[in-house]
Structures are given as C-alpha cells and as structure tokens.
Amino acid sequence: MPRGRTIIDKIWDSHVVARRDDGECLLYIDRLLLQENSFHGFDKIRREGRAIRNPGQAFAFSDHYVPTLGREKGLDGIADPEIRKMVELIESDSRDNDITLFGLGDVRQGILHVVGPEQGITQPGLVIAGADSHTSTHGALGAYAFGVGSSEVAHVLAVQGLWRPRPKTMRVVVETVLPDGISSKDLILAIIGKIGAGGAVGHVVEYAGPGIAALSVEQRMTVCNMSIEAGARAGLICPDDKVYAYVRGRPYAPKDELWDKAVAHWRTLASDADARYDREVCIAASEIAPMVTWGTSPEQAAPVTGSVPDPADERDPDRRARMERALSYMALMPGTELRKIAVDRVFIGSCTNSRIEDLRIAAAIAKGRKARVPAMVVPGSGLVKQQAEQEGLHEIFLAAGFEWRSPGCSMCVGINGDMLDPGERCASTSNRNFEGRQGPGGRTHLMSPAMAAAAAVTGHITDVRELTGIG
Amino acid sequence: MEPFNTITATAVPLDMANVNTDQIFPARFIRKPRAVGYAQFTFHDVRRGEDGSLRPDFPLNEDRFRDARIIVGGTNFGCGSSREGAVYTLIDSGFRALIAPSFGDIFAANCLKNGVLTITLAGEIVAGLREQLRGADQPILAIDLETETIVKPDGTKLGFAADPFQKHCLLNGLNEIDLSLEFAAEMAAFEAAYRERFPWLMPGAERKRG
C-alpha cells in the first residue's frame with residue numbers, strides 16, 4: 001500500500017508543472033504578493049523586456065513604507081523623499097503592469113500578511129510566493145506559502161512558477177492546549193526556543209495536534225508567521241471548519257456552487273494519518289508561560305517568570321559567545337529577573353500580532369489603566385482599524401494614553417520612520433529582535449499583545465497574569 | 001549573470017551563528033537605488049561601534065581581511081528577511097563565494113540568482129577552516145566550482161558537493177527566466193488543466209483595481 005501523504009505532499013503534487021532530471025520541480029505559483037521593496041523585481045522585468053504572464057494572480061500592498069500618522073494627507077504626508085519614492089514606485093509599477101494594489105488611501109490597505117487572508121486572496125491548498133519572508137503566515141489557512149527575493153519575484157511574474165527541490169518535512173505536534181491567558185505568540189516563541197533559530201532550515205513545518213486545533217485562525221497566523229524565525233521554508237496547518245468559516249464570504253473567496261466545490265477539495269488536503277515526516281518535535285502547550293525574548297535572536301526567549309540566563313552556565317562555546325554578544329547589545333546583566341526590566345517604548349502591531357483578536361486582548365489589559373511609557377498601537381489593516389473602532393477599542397487605548405495609528409509595518413522594521421532611538425528598550429509584539437531591527441541601537445523584547453500592553457501600563461516587563469488574575 | 005568558475009581570494013572568517021540579513025544589509029538602506037553602490041552598506045552597523053567608528057574586533061575591519069571576496073561563516077548564515085539587497089551588497093563589496101554549515105533558504109536562493117556560490121560543509125570542517133584562516137600568513141582560499149574543490153591556506157584540498165543544476169547555471173552564467181520559459185508548453189498545458197480543475201482560483205471577473 002502506498003504510504004499516506006502529508007498536506008505538503010498533496011499541495012506539492014498538484015502544483016508540479018515540470019520536473020528536471022536532478023529532481024527539482026517547476027512549481028506552479030497561484031498567488032504572488034508584492035510590497036514596496038519589490039522594485040528591484042519590476043526593474044529586472046523592465047530591463048529584460050519580459051511580459052507578465054498572469055497579472056491577475058499578483059497582488060501588491062503598500063505597507064513597509066507608509067506613514068502611520070497624517071494619512072489624510074496621502075503621499076504629501078511622507079516628508080522623506082526616499083520613503084515617498086518607495087510608495088510611489090509600488091503604485092506606478094502596479095498600475096503599469098495591471099496588478100491590483102491595496103494602496104495608500106484604500107480602506108483595505110494594510111500589511112500584506114493581514115490583508116491577503118482578510119480579502120480571501122489566501123485560500124487552502126494554494127502555493128503562494130511573497131516578496132517578504134513572513135509570507136509563511138498564510139500557511140495558517142492551509143496554503144504552502146514562502147518568501148522570495150526580487151529575482152524570484154521577476155521569475156514568478158514572467159513564468160508563474162518557481163524551481164524548487166521537494167522540501168523535507170517536519171511536524172511540530174502541540175500535544176495539549178494552551179492554558180487560559182497564554183497566547184499563540186507564547187507558543188511559537190517556546191517552539192523556536194526549543195528547536196532554535198536554525199532548527200527547521202530546509203524543512204517545511206506542519207503544526208498539528210490538539211493545541212493547534214484549539215487555536216483560532218488568527219492565532220494560527222501568529223504561529224505560522226514566525227516559522228521563518230526557526231529557519232523553516234514554510235509553516236502550515238491542515239485546514240479545518242474554522243478555516244472554511246474564516247474564508248467564506250470574503251471578497252476573493254469562491255462563491256455559490258464554486259464554494260461547495262472548493263470546500264470539497266479543501267477537505268482532501270489534510271495530512272493522512274499514516275503520513276511520515278523527516279522530523280517530528282512534540283511540545284506540551286499546557287506547560288507554557290508567557291514568553292519574552294532577552295537576546296537578539298527569537299530563539300533567545302524565556303518564560304517571564306525567569307531571569308536573564310548566565311553565559312557562564314552555557315557549555316557550548318558558540319552558544320555562549322552568542323549569549324555574551326546579545327547581553328552586551330541588550331545591556332542586560334545575567335541573573336536579572338525579566339520582570340524587573342524597565343522598557344522605554346511599547347509597540348503593538350506587525351504581521352505577527354495586529355489583527356482584531358490581538359487588539360481586543362491588548363485593549364482588555366489597557367482598559368482602565370494608564371500607559372507609563374510611550375505606547376503605540378498600529379492595526380494590521382484599514383479594515384482591522386475600522387472594526388476596532390466600531391468595537392470602541394480605540395477609545396480604550398486613547399483613554400489609557402496609547403497612540404492609535406494607521407496601518408502598516410511601522411516599528412517592526414522601522415523603515416517608514418517609526419523607529420527606536422539608539423539605546424531605547426521596547427516591548428514589541430513583532431517577530432524579530434535582531435540588532436538594530438527597530439532602529440540602530442534599539443533593543444527589542446518580543447512578546448504577546450497582552451504582555452506588551454501589560455508592559456505599557458507598568459513601565460516594565462510584567463507577567464500579564466498578575467494583572468488579570470488568570471492562570 | 002556573471003559566470004562563476006574559480007576564485008582565488010582572501011577569505012574572511014566570521015565566527016557568528018545566525019548572521020541575519022538585517023546585519024548584512026540594514027533595512028533602512030533597502031530603499032537606495034542599486035546605482036548608488038551598495039558596498040558602503042555591507043555589515044554597516046555590525047562593523048561599527050556606537051560612535052560610528054570601525055570596530056577593530058570585527059574581522060572585515062582587519063587589514064588582512066579587508067580585500068576578502070569569500071566569507072567563511074557560521075550556522076544559518078543569511079537568516080531573516082527576503083531582501084535581495086543583502087546579496088547585492090555582498091557582490092558590490094566583491095564577495096562571490098560563501099562557505100557555512102547552513103544558510104537561510106531565501107538568502108541562498110538569492111545568492112544563486114546573482115552568481116554568488118554558496119558552499120555548505122559540515123560544522124566542524126567550517127570551524128577548522130575559520131581557525132586556519134585566522135592563523136594563516138595569507139588567508140587565501142582557491143575555489144574551483146568545476147572540480148568542486150577548495151585549496152586551503154596550508155595547501156591541502158577540501159571537496160564540496162555542488163547542486164548539479166546550480167553548478168550548471170553558475171558556470172554558464174545562465175539567466176534562469178530564459179531557461180524556465182523553455183517550459184512554456186508545459187506551463188500552458190498545466191494551466192489549462194488546472195483552471196478546469198480549480199475554477200475558483202483564477203481571479204478574473206471579481207478583480208478590482210485598487
């Protein structure tokens with residue numbers, strides 16, 4: 001009997017256009033997601049005089065460079081000419097090539113990994129290439145989604161396919177459900193802490209088990225989003241009824257009889273029970289506490305109840321050297337209780353944590369309290385912002401002294417001008433605590449929206465369970 | 001793409017795991033047009049101290065490694081974002097070959113597309129190579145892609161395995177888009193069957209202009 005197939009095998013097999021003698025496959029790309037930094041890709045297309053094969057399968061997003069303040073002024077609200085040029089370029093490149101743009105001034109505009117699922121562009125079973133490493137986010141809906149550079153952006157535009165070797169597979173089984181008050185951000189930080197920042201290199205990760213099934217679709221996006229922080233080629237979850245309910249009725253979702261046909265297909269995608277993986281990792285979610293990073297790699301994370309580790313206790317010389325360098329950059333002493341670390345700023349946003357459920361959780365912590373340090377909330381899209389305002393979340397944030405901004409990548413990557421000053425320490429719901437990521441010399445502590453809101457109202461890293469009494 | 005055959009050049013040991021693309025090419029420089037020359041941005045922040053001066057303890061700042069064209073790095077080299085500028089900046093600084101125990105997937109793909117050879121070797125072999133480069137009078141490596149060999153500073157040889165297709169592309173400086181377009185008939189046949197099978201997948205009537 002042939003052995004069972006994983007969801008990765010099933011999606012792969014249905015997308016192979018051609019196979020080379022060396023085993024590499026020309027994989028069909030259903031959707032290409034573009035952002036302002038794709039300009040080198042469009043330059044290459046122009047330079048080489050290529051035609052774009054299917055412009056209707058490409059979608060462009062203004063998110064990395066858009067301002068989060070003064071949006072009523074449109075492009076005139078961007079003072080820096082270089083930044084403005086980037087937003088203009090994605091507008092002209094999209095227009096010239098007949099590609100749909102979710103741009104400045106469009107209520108649907110927002111972070112590509114928030115808007116794609118929100119618009120129904122992301123669907124189960126698709127192969128999605130995105131001009132951004134966090135394209136793995138879309139795997140939460142059962143798509144095989146990965147980031148590509150500018151040359152491959154050009155390749156997809158011209159060919160509608162990409163050459164890839166069949167990836168190795170890794171299953172991360174979350175055996176138990178998360179305790180109340182613990183988020184999927186804590187889960188993925190715990191997973192990366194366990195397997196390491198390079199722990200999934202060369203693999204596509206399938207997240208499975210009761211702990212994953214219990215998550216909402218948005219919580220799953222947070223998990224898949226950070227797959228790349230473990231080095232994975234992609235991360236995905238078998239679609240289920242929660243996913244179908246999420247996709248249904250969205251603008252690009254199939255309708256009427258095509259909907260039934262689509263769901264019937266999606267139900268065949270789940271990994272077979274006897275499917276085998278190249279690697280398996282198990283984790284018990286019931287034991288996870290709120291997680292905080294203390295270093296400059298997402299793998300350098302610890303439960304908030306713990307302390308900054310001591311490099312002297314690390315036997316592996318490479319790891320010890322990395323810890324020493326990280327602690328020096330982060331200006332932290334070994335043994336310091338994480339809960340005693342004061343922060344200068346708080347950022348709630350990014351493709352990891354800027355969806356409506358994230359904002360509701362942060363607002364619940366902010367409600368009736370006051371921010372002790374500057375804190376900004378940046379919704380993931382115009383529609384998330386609109387929804388939050390209908391629910392009155394913005395009033396809660398504003399009353400608590402948080403800033404309520406307009407959608408974009410903002411201080412996750414700092415290239416629109418929202419950035420930390422050198423030496424500033426930030427509690428952030430984003431995905432990378434790399435040196436200088438949020439601005440040269442800036443120090444980032446990654447955590448969940450609830451934890452970031454708790455840090456804002458106390459002025460230091462805090463176990464949010466002390467504020468809520470939950471857990 | 002410029003073909004890659006052999007390179008004999010100074011190799012710089014970078015004894016750091018998880019070197020990310022923000023370190024290689026900070027995000028604030030992505031918006032610069034390539035024409036400005038990206039060499040000035042290579043490892044911009046990592047090689048400088050808080051006051052902006054070059055850190056003497058960063059290998060690329062040492063006189064003996066200043067003209068390096070090969071990097072011998074650590075595990076998971078090039079992890080992080082998909083920015084291809086991280087490869088452009090290395091090229092503009094003269095780098096054509098990278099050796100490490102493993103590479104970030106997207107970064108490695110970007111290297112290949114731009115004629116930069118990535119060589120993956122076992123961790124202890126790479127560590128030994130870094131060690132030898134640090135101690136060598138002339139920290140030079142000779143890499144021959146055709147024969148898949150590296151000559152170390154002490155004159156001994158080291159083999160490596162190159163992916164056959166990647167080797168073919170690099171040796172001939174091939175443009176991958178041209179090669180892929182040779183599969184136009186396969187693509188057309190695939191698409192026709194695919195659209196028949198998954199009729200809901202092709203945005204058409206529902207398309208809106210943003």
# chains A, B, ... in the order shown; residues from 1 in each chain; ligands from 1
>>> interface_residues(of="chain B", to="chain A", cutoff="8 Å", atoms="only C-alpha atoms", output="JSON, numbers by chain")
{"B": [16, 17, 18, 20, 22, 23, 26, 27, 28, 30, 31, 32, 45, 50, 75, 76, 79, 80, 81, 82, 83, 84, 102, 103, 104, 105, 106, 107, 109, 110, 113, 164, 165, 176, 177, 180, 181, 183, 184, 186, 187, 190, 198, 199, 200, 201, 202, 203, 204, 206, 207, 208, 209, 210]}
>>> write_last_selection(atoms="C-alpha atoms", output="mmCIF file, in the first residue's frame")
data_model
loop_
_atom_site.group_PDB
_atom_site.id
_atom_site.type_symbol
_atom_site.label_atom_id
_atom_site.label_comp_id
_atom_site.auth_asym_id
_atom_site.auth_seq_id
_atom_site.Cartn_x
_atom_site.Cartn_y
_atom_site.Cartn_z
ATOM 1 C CA MET B 16 28.977 34.124 14.267
ATOM 2 C CA ALA B 17 25.937 31.846 14.019
ATOM 3 C CA ASN B 18 22.580 33.139 12.722
ATOM 4 C CA ASN B 20 20.840 37.765 9.613
ATOM 5 C CA ASP B 22 19.493 42.954 8.835
ATOM 6 C CA GLN B 23 23.127 42.644 9.911
ATOM 7 C CA PRO B 26 20.214 47.093 7.418
ATOM 8 C CA ALA B 27 16.617 47.656 6.340
ATOM 9 C CA ARG B 28 16.941 51.430 6.106
ATOM 10 C CA ILE B 30 16.810 48.878 1.030
ATOM 11 C CA ARG B 31 15.230 51.978 -0.492
ATOM 12 C CA LYS B 32 18.536 53.095 -2.005
ATOM 13 C CA ASP B 45 26.055 48.540 11.776
ATOM 14 C CA GLU B 50 28.262 53.146 18.987
ATOM 15 C CA THR B 75 25.380 28.160 11.009
ATOM 16 C CA ASN B 76 22.194 29.582 9.441
ATOM 17 C CA CYS B 79 18.652 34.037 8.033
ATOM 18 C CA GLY B 80 15.861 36.576 8.330
ATOM 19 C CA SER B 81 14.257 38.719 5.679
ATOM 20 C CA SER B 82 13.971 38.043 1.936
ATOM 21 C CA ARG B 83 15.698 41.302 0.930
ATOM 22 C CA GLU B 84 17.900 40.602 -2.070
ATOM 23 C CA SER B 102 23.941 26.052 6.651
ATOM 24 C CA PHE B 103 22.282 29.040 5.008
ATOM 25 C CA GLY B 104 18.939 30.786 5.296
ATOM 26 C CA ASP B 105 16.849 29.321 2.458
ATOM 27 C CA ILE B 106 15.708 32.557 0.839
ATOM 28 C CA PHE B 107 19.168 34.095 1.101
ATOM 29 C CA ALA B 109 18.243 31.222 -3.399
ATOM 30 C CA ASN B 110 19.001 34.921 -3.817
ATOM 31 C CA LYS B 113 20.225 34.099 -8.800
ATOM 32 C CA PRO B 164 24.263 19.932 -10.420
ATOM 33 C CA PHE B 165 21.772 22.400 -11.833
ATOM 34 C CA GLU B 176 17.043 31.288 -15.103
ATOM 35 C CA ILE B 177 13.987 33.044 -16.557
ATOM 36 C CA SER B 180 12.173 28.426 -17.429
ATOM 37 C CA LEU B 181 10.420 29.998 -20.397
ATOM 38 C CA PHE B 183 8.864 25.149 -20.445
ATOM 39 C CA ALA B 184 6.141 27.398 -21.863
ATOM 40 C CA GLU B 186 4.259 22.504 -20.224
ATOM 41 C CA MET B 187 3.085 25.592 -18.367
ATOM 42 C CA PHE B 190 -0.692 22.662 -16.848
ATOM 43 C CA PHE B 198 -9.927 24.550 -9.729
ATOM 44 C CA PRO B 199 -12.169 27.072 -11.487
ATOM 45 C CA TRP B 200 -12.458 29.266 -8.375
ATOM 46 C CA LEU B 201 -8.753 30.027 -8.265
ATOM 47 C CA MET B 202 -8.252 32.386 -11.160
ATOM 48 C CA PRO B 203 -9.098 35.946 -10.259
ATOM 49 C CA GLY B 204 -10.944 37.346 -13.207
ATOM 50 C CA GLU B 206 -14.068 39.587 -9.340
ATOM 51 C CA ARG B 207 -10.908 41.598 -9.945
ATOM 52 C CA LYS B 208 -10.978 45.123 -8.684
ATOM 53 C CA ARG B 209 -8.488 47.839 -9.292
ATOM 54 C CA GLY B 210 -7.171 49.266 -6.022
#
>>> residues_around(residues="range 121-132 of chain B", least_positions_apart="4", cutoff="9 Å", atoms="only C-alpha atoms", output="ChimeraX atom specification")
/B:11-15,72-75,99-102,136,139,152-154,160-161
>>> select_by_dssp(residues="range 257-451 of chain A", states="helix (DSSP H, G or I)", output="PDB file with C-alpha atoms, in the first residue's frame")
ATOM      1  CA  GLU A 257     -21.559  26.356  -6.337  1.00  0.00           C
ATOM      2  CA  LEU A 258     -17.837  27.079  -6.651  1.00  0.00           C
ATOM      3  CA  TRP A 259     -17.736  27.430  -2.856  1.00  0.00           C
ATOM      4  CA  ASP A 260     -19.025  23.886  -2.397  1.00  0.00           C
ATOM      5  CA  LYS A 261     -16.572  22.600  -4.953  1.00  0.00           C
ATOM      6  CA  ALA A 262     -13.712  24.404  -3.217  1.00  0.00           C
ATOM      7  CA  VAL A 263     -14.614  23.095   0.243  1.00  0.00           C
ATOM      8  CA  ALA A 264     -14.895  19.561  -1.115  1.00  0.00           C
ATOM      9  CA  HIS A 265     -11.346  19.932  -2.435  1.00  0.00           C
ATOM     10  CA  TRP A 266     -10.041  21.549   0.753  1.00  0.00           C
ATOM     11  CA  ALA A 285       1.407  23.636  25.469  1.00  0.00           C
ATOM     12  CA  SER A 286      -0.134  23.231  28.920  1.00  0.00           C
ATOM     13  CA  GLU A 287       3.266  23.962  30.462  1.00  0.00           C
ATOM     14  CA  PRO A 311      26.507  32.674  29.649  1.00  0.00           C
ATOM     15  CA  ALA A 312      28.863  31.099  32.202  1.00  0.00           C
ATOM     16  CA  ASP A 313      26.310  28.302  32.601  1.00  0.00           C
ATOM     17  CA  PRO A 317      31.171  27.757  23.279  1.00  0.00           C
ATOM     18  CA  ASP A 318      29.294  29.031  20.199  1.00  0.00           C
ATOM     19  CA  ARG A 319      26.081  29.486  22.133  1.00  0.00           C
ATOM     20  CA  ARG A 320      27.976  31.105  24.986  1.00  0.00           C
ATOM     21  CA  ALA A 321      29.614  33.593  22.626  1.00  0.00           C
ATOM     22  CA  ARG A 322      26.233  34.438  21.092  1.00  0.00           C
ATOM     23  CA  MET A 323      24.707  34.951  24.536  1.00  0.00           C
ATOM     24  CA  GLU A 324      27.545  37.227  25.606  1.00  0.00           C
ATOM     25  CA  ARG A 325      27.240  39.324  22.485  1.00  0.00           C
ATOM     26  CA  ALA A 326      23.444  39.506  22.848  1.00  0.00           C
ATOM     27  CA  LEU A 327      23.571  40.536  26.501  1.00  0.00           C
ATOM     28  CA  SER A 328      26.160  43.178  25.719  1.00  0.00           C
ATOM     29  CA  TYR A 329      23.951  44.606  22.936  1.00  0.00           C
ATOM     30  CA  MET A 330      20.835  44.379  25.117  1.00  0.00           C
ATOM     31  CA  LEU A 338      12.899  39.506  33.445  1.00  0.00           C
ATOM     32  CA  ARG A 339      10.033  41.139  35.335  1.00  0.00           C
ATOM     33  CA  LYS A 340      12.383  43.864  36.627  1.00  0.00           C
ATOM     34  CA  ILE A 356      -8.590  42.262  15.621  1.00  0.00           C
ATOM     35  CA  GLU A 357      -8.186  39.476  18.199  1.00  0.00           C
ATOM     36  CA  ASP A 358      -4.743  40.838  19.128  1.00  0.00           C
ATOM     37  CA  LEU A 359      -6.150  44.331  19.579  1.00  0.00           C
ATOM     38  CA  ARG A 360      -9.055  43.085  21.696  1.00  0.00           C
ATOM     39  CA  ILE A 361      -6.651  41.285  24.035  1.00  0.00           C
ATOM     40  CA  ALA A 362      -4.359  44.314  24.336  1.00  0.00           C
ATOM     41  CA  ALA A 363      -7.335  46.617  24.915  1.00  0.00           C
ATOM     42  CA  ALA A 364      -8.624  44.373  27.701  1.00  0.00           C
ATOM     43  CA  ILE A 365      -5.322  44.912  29.540  1.00  0.00           C
ATOM     44  CA  ALA A 366      -5.186  48.644  28.783  1.00  0.00           C
ATOM     45  CA  GLY A 382      -7.681  49.614   7.419  1.00  0.00           C
ATOM     46  CA  LEU A 383     -10.453  47.074   7.919  1.00  0.00           C
ATOM     47  CA  VAL A 384      -8.972  45.906  11.233  1.00  0.00           C
ATOM     48  CA  LYS A 385      -8.793  49.550  12.283  1.00  0.00           C
ATOM     49  CA  GLN A 386     -12.405  50.124  11.245  1.00  0.00           C
ATOM     50  CA  GLN A 387     -13.581  47.024  13.113  1.00  0.00           C
ATOM     51  CA  ALA A 388     -11.652  48.030  16.239  1.00  0.00           C
ATOM     52  CA  GLU A 389     -13.213  51.484  16.151  1.00  0.00           C
ATOM     53  CA  GLN A 390     -16.694  50.002  15.779  1.00  0.00           C
ATOM     54  CA  LEU A 393     -11.170  49.653  21.209  1.00  0.00           C
ATOM     55  CA  HIS A 394      -9.527  52.873  20.058  1.00  0.00           C
ATOM     56  CA  GLU A 395     -11.282  54.781  22.837  1.00  0.00           C
ATOM     57  CA  ILE A 396      -9.913  52.339  25.395  1.00  0.00           C
ATOM     58  CA  PHE A 397      -6.388  52.729  24.012  1.00  0.00           C
ATOM     59  CA  LEU A 398      -6.625  56.516  23.779  1.00  0.00           C
ATOM     60  CA  ALA A 399      -8.059  56.811  27.312  1.00  0.00           C
ATOM     61  CA  SER A 410       5.677  50.534  11.175  1.00  0.00           C
ATOM     62  CA  MET A 411       8.112  49.911  14.021  1.00  0.00           C
ATOM     63  CA  CYS A 412       8.538  46.197  13.349  1.00  0.00           C
ATOM     64  CA  PRO A 449      -0.040  41.632  22.709  1.00  0.00           C
ATOM     65  CA  ALA A 450      -1.300  41.033  26.264  1.00  0.00           C
ATOM     66  CA  MET A 451       2.254  41.119  27.612  1.00  0.00           C
TER      67      MET A 451
END
>>> residues_around(residues="Leu170 in chain B", least_positions_apart="5", cutoff="7 Å", atoms="only C-alpha atoms", output="PyMOL selection string")
chain B and resi 3-4+115
>>> atom_distance(atom1="CA of Val217 in chain A", atom2="CA of Leu236 in chain A")
11.6 Å
>>> select_by_dssp(residues="range 242-404 of chain A", states="strand (DSSP E or B)", output="MDAnalysis selection string")
chainID A and resid 279:284 291:293 301:303 307 337 342 345:348 375:377 381 403:404
>>> residues_around(residues="range 144-146 of chain B", least_positions_apart="2", cutoff="6 Å", atoms="only C-alpha atoms", output="number ranges by chain")
B: 5-6, 148-149
